[in-house]
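Asks: This structure is in structure tokens; I'll ask about it shortly.
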Amino acid sequence: VCYRFSLITEFIAKLFLKIKYISLPNIILGKSLFTELLQKELNTKNLQAELEKAEKSDFKDDFALIREKLGGENIIGRYADYILKESKN
């Protein structure tokens, strides 16, 4: 997962959002399934290393768990509530 944004956006996000992960798979699982390369961490060397790791990984069990967690009604509302709750911690 790769993100690069302006310094002001980074400042505002760090000020108001207190969540451990920014990508949905990582948020849903509560662990780092996919490495999140942010700002200065996003460079050619790190990106290539993460792509090589991903090619060798089997995400089948993790994706099954994500599908299970996403099941049911009002998934968008449930995860919006979760993100808001986590951002207040």
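Labels for the structure tokens follow display order: chains A, B, ..., residues from 1 in each chain, ligands from 1.
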I want to know what sits within 8 Å of Gln39 in chain A, based on only C-alpha atoms, with residues of the same chain fewer than 5 positions away left out; could you give that as a list in words?

Replies: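 What passes the distance filter is Tyr3, Arg4 and Phe5 of chain A.
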
Asks: Name the residues of range 34-82 of chain A that come out as alpha helix (DSSP H) in a backbone DSSP run; write them as a ChimeraX atom specification.

Replies: /A:44-56,60-70,75-82

Asks: For range 72-81 of chain A, please output as a list in words all residues within 12 Å (counting only C-alpha atoms; exclusion window: fewer than 5 positions along the same chain).

Replies: Leu24, Pro25, Ile27, Ile28, Leu29, Ile66, Arg67, Glu86, Ser87 and Lys88 of chain A

Asks: Near Glu36 in chain A, within 8 Å and counting only C-alpha atoms, which residues show up once chain neighbours fewer than 3 positions away are dropped, as number ranges by chain?

Replies: A: 1-3, 21-23

Asks: Could you turn the residues from that selection into a file that holds N, CA and C atoms, as a PDB file, in the first residue's frame?

Replies:
ATOM      1  N   VAL A   1       0.858  -1.160   0.000  1.00  0.00           N
ATOM      2  CA  VAL A   1       0.000   0.000   0.000  1.00  0.00           C
ATOM      3  C   VAL A   1       0.903   1.221   0.000  1.00  0.00           C
ATOM      4  N   CYS A   2       0.699   2.114  -0.922  1.00  0.00           N
ATOM      5  CA  CYS A   2       1.571   3.270  -1.079  1.00  0.00           C
ATOM      6  C   CYS A   2       0.762   4.561  -1.051  1.00  0.00           C
ATOM      7  N   TYR A   3       1.225   5.499  -0.256  1.00  0.00           N
ATOM      8  CA  TYR A   3       0.586   6.810  -0.202  1.00  0.00           C
ATOM      9  C   TYR A   3       1.659   7.883  -0.104  1.00  0.00           C
ATOM     10  N   TYR A  21      -3.501   1.855  11.184  1.00  0.00           N
ATOM     11  CA  TYR A  21      -3.295   1.534   9.766  1.00  0.00           C
ATOM     12  C   TYR A  21      -4.162   2.450   8.910  1.00  0.00           C
ATOM     13  N   ILE A  22      -3.783   2.564   7.632  1.00  0.00           N
ATOM     14  CA  ILE A  22      -4.587   3.396   6.735  1.00  0.00           C
ATOM     15  C   ILE A  22      -5.254   2.587   5.631  1.00  0.00           C
ATOM     16  N   SER A  23      -4.784   1.377   5.383  1.00  0.00           N
ATOM     17  CA  SER A  23      -5.400   0.577   4.315  1.00  0.00           C
ATOM     18  C   SER A  23      -6.490  -0.320   4.900  1.00  0.00           C
TER      19      SER A  23
END

Asks: Which residues in chain A does DSSP call strand (DSSP E)? List them as an MDAnalysis selection string.

Replies: chainID A and resid 2:3 37:38

Asks: Figure out the distance between CA of Lys14 in chain A and CA of Leu70 in chain A, please, to one decimal in Å.

Replies: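 These atoms are spaced 26.9 Å apart.
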